[in-house]
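Notes follow once the structure below has been shown.
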2 protein chains.
Amino acid sequence: MVQIPNTPAPTSPSAPRSVPTSADVARLAGVSRATVSYVLNNTGAVRISEPTRRRVQRAAEELGYVPHAAARSLRAGHTRMVLMPAPPVPAGPLYSQFVHDFQGALSRLDYTVVQYGASGLHGDEAARAWAELRPVAVLVPGPGLGPQGVAVLKRAGARAVVTLGTEPVDGAHALLTDHAGVGRGAARHLYARGRRRIGVVVPEEPGLEMFSAPRLDGAREAVHGTGATVSPLPLAYTEESAAGLAARWRDLGLDGVFAYNDEYAMLLMSALQDEGVRVPEDAAVIGADDLMLSRLLRPRLSTVRIALPSARGLAELVDRAVRDPGATPESHELFEATVVQRDST
Amino acid sequence: MVQIPNTPAPTSPSAPRSVPTSADVARLAGVSRATVSYVLNNTGAVRISEPTRRRVQRAAEELGYVPHAAARSLRAGHTRMVLMPAPPVPAGPLYSQFVHDFQGALSRLDYTVVQYGASGLHGDEAARAWAELRPVAVLVPGPGLGPQGVAVLKRAGARAVVTLGTEPVDGAHALLTDHAGVGRGAARHLYARGRRRIGVVVPEEPGLEMFSAPRLDGAREAVHGTGATVSPLPLAYTEESAAGLAARWRDLGLDGVFAYNDEYAMLLMSALQDEGVRVPEDAAVIGADDLMLSRLLRPRLSTVRIALPSARGLAELVDRAVRDPGATPESHELFEATVVQRDST
DNA sequence: TTGAAAGCGATACCAA
DNA sequence: TTGGTATCGCTTTCAA
């Protein structure tokens, strides 16, 4: 039977022609697909004559040939993709910065970072969805990945699984975000400043519990056994909610507050001032994250600075884990939380 | 010659066994790969007996089988991936929110959004890198994609290319971010409030020119021919830089300033107040983005609110473009910029 | 220096 | 109802 080449019928110029493959390039250049591959990948072990090389390159150029990543990685049996599932809440400034730097650092190590946005999947189902992409490494923010999920990813060829959260997960490397330490530092500081009835703002926005709960716990822990009290203060990120809280302030009888982070602190401090509550005399306020705004507020906002290690170091950690997948999972403290005292406490 | 099945040598339990394939599942279940595919994809046209079905599912479960996305999409000839190149600067709050919502909306339409972080690539080289993934749609923030790049993506099978920027690109749908309109609105407002010598903050941070330049141009345009002046004010996002600018303030002889956005406005306003410059009497200040902080500052900060259309609508736009790739590219205003007057102007 | 061909993993057509 | 097999695009070994 005569093979009829799979040439698509000529189409109108506007209609998308079928995507050119290396076979098309080979045909146009009058060489084999192998030669095309050699030329375009600059294969060292094989020498291609200069004229042939040029013919291939011209043909590829002319067709607008772009290799097919899926085909390539299927053949290669591995990828250089580092997968980061997108977090369930819009990224804050600290996280945005972290992802940006981390991406840059991994790019320099020749990895491709991909943030994968699949809402609506949970637990192991999510892990399976990530595993389908066969990433060489996975960096998972927050909880939601259990030992099961880690196993799924590893079976699917992930050579490094790194979690970003308050506690390690079996089988995975861990970057530990010590939110409890943030709360502890804040409460300790308030205590040291003579405050004994401490409020802790707990955002009502869904998805933030993963941060706010350990911060609250840390604060509780810090004053445990001292006689000082810690009361959770639910607060939505709206002026109304803050005004409501400020209106109840004197009844609450609190003399210090850890406001979850600098943004909630700004919100609360503003409402307190409108209510005539003096900061820090009547209420000491401390935030967290050490954003620029904490330095700009009046009174200047005390805060808990969260110092992240260099993105480069973290990228190298991932790289090491990829190169030596057998190694025992490491745990690293990602945060260094230090209190920065300004005028609000 | 007898084919020896490619069974890997038994390895120690800790060493990662090779990734199970559908062939492995078939072998364990004692059926063909075709049957495995039918069962796991719930193929409607083919009926599989209940016992077989269960055997296959048990086998898949036992092996921890996860299909290989690359192989699948290679075979299928298309993907449901919407690619968003990560922006060159860390995302701000507005953009983070936008991406988050957009991702959710597209997920509900059964697309997978992927933010692709490849720093260091430029122009058409970047477009080629994106094209390798054969996304069904690409949403490119900022400039840097020319008609060439659009063509590359389309030839690689992208059925929709959408740019997010100040002006449309040939061949692509455009979501127009009218930063000039933001600057225009701000300057017009200052003019209407009687200000005639207007400063416009231009951040010194690299990567922000794509926003700051059109905002400045818009401001210039707004007062063109009125006799009022517009002066660019370079400012880094540091207290020192702001203090320096504030120290020179009286010499500059300005009576109003559009501070690029709310965050720079806060920085500048704080420095001006430290310097004894009264806002708004001596200098009217207006920001942009209408962040929460603009309502919390004292004096309350006037700002230019940037209203984005619903993420759902945008997702549907992408979906439509995918379904009808032949359609003429549409241009949509992404912004609706409105001045919100508060106490700082 | 170049080409032929096997094979990566999954799917869908055609037969049985 | 199930199995054999061609195919997607690419890389690489082996032969020529």
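Chain labels A, B, ... are given in the sequence in which chains occur in the structure tokens; within each chain residues are numbered consecutively from 1, and ligands are likewise numbered from 1 in the order shown.
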Output as a VMD selection string all residues of stretch 8-168 of chain A that backbone DSSP marks as strand (DSSP E or B). chain A and resid 81 to 85 112 to 117 137 to 141 160 to 165
Generate a file of the selected residues that holds C-alpha atoms, formatted as a short mmCIF file (atom, residue, chain, number, x, y, z; two decimals), in the first residue's frame.
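That gives us again.cif:
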data_model
loop_
_atom_site.label_atom_id
_atom_site.label_comp_id
_atom_site.auth_asym_id
_atom_site.auth_seq_id
_atom_site.Cartn_x
_atom_site.Cartn_y
_atom_site.Cartn_z
CA MET A 81 9.76 21.27 36.43
CA VAL A 82 9.38 22.42 40.01
CA LEU A 83 5.72 22.52 40.80
CA MET A 84 4.24 24.93 43.31
CA PRO A 85 0.54 24.57 43.89
CA THR A 112 11.33 25.79 35.51
CA VAL A 113 8.98 26.83 38.27
CA VAL A 114 5.34 26.37 37.61
CA GLN A 115 2.56 27.61 39.86
CA TYR A 116 -0.31 25.29 39.39
CA GLY A 117 -3.73 26.71 40.02
CA ALA A 137 10.19 18.53 42.61
CA VAL A 138 7.11 19.82 44.38
CA LEU A 139 6.93 22.64 46.89
CA VAL A 140 3.62 22.63 48.68
CA PRO A 141 2.54 25.66 50.70
CA ALA A 160 12.01 16.08 46.03
CA VAL A 161 8.87 16.92 47.91
CA VAL A 162 9.12 19.97 50.12
CA THR A 163 6.38 21.23 52.37
CA LEU A 164 6.03 24.78 53.55
CA GLY A 165 4.15 24.76 56.81
#
Would you list which chain D residues are within 7 Å of chain B using only C-alpha atoms (C1' of nucleotides), as a list in words?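 The contacting residues on chain D are DT1, DT2, DG3 and DC8 of chain D.
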When you get a sec, could you note down which chain C residues fall within 10 Å of chain A, using only C-alpha atoms (C1' of nucleotides), as a list in words?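 Listing them in order of chain and number gives DT1, DT2, DG3, DA4, DG7, DC8 and DG9 of chain C.
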DSSP helix (DSSP H, G or I) residues within stretch 16-128 of chain B, as an MDAnalysis selection string: chainID B and resid 22:29 33:40 50:63 69:76 93:108 123:128
Counting only C-alpha atoms, chain A residues within 7 Å of chain B, as an MDAnalysis selection string: chainID A and resid 15:16 19 64 66:71 74 90:93 96:97 100 103:104 107 112:119 128 131:133 152 155:157 267 270 296 326
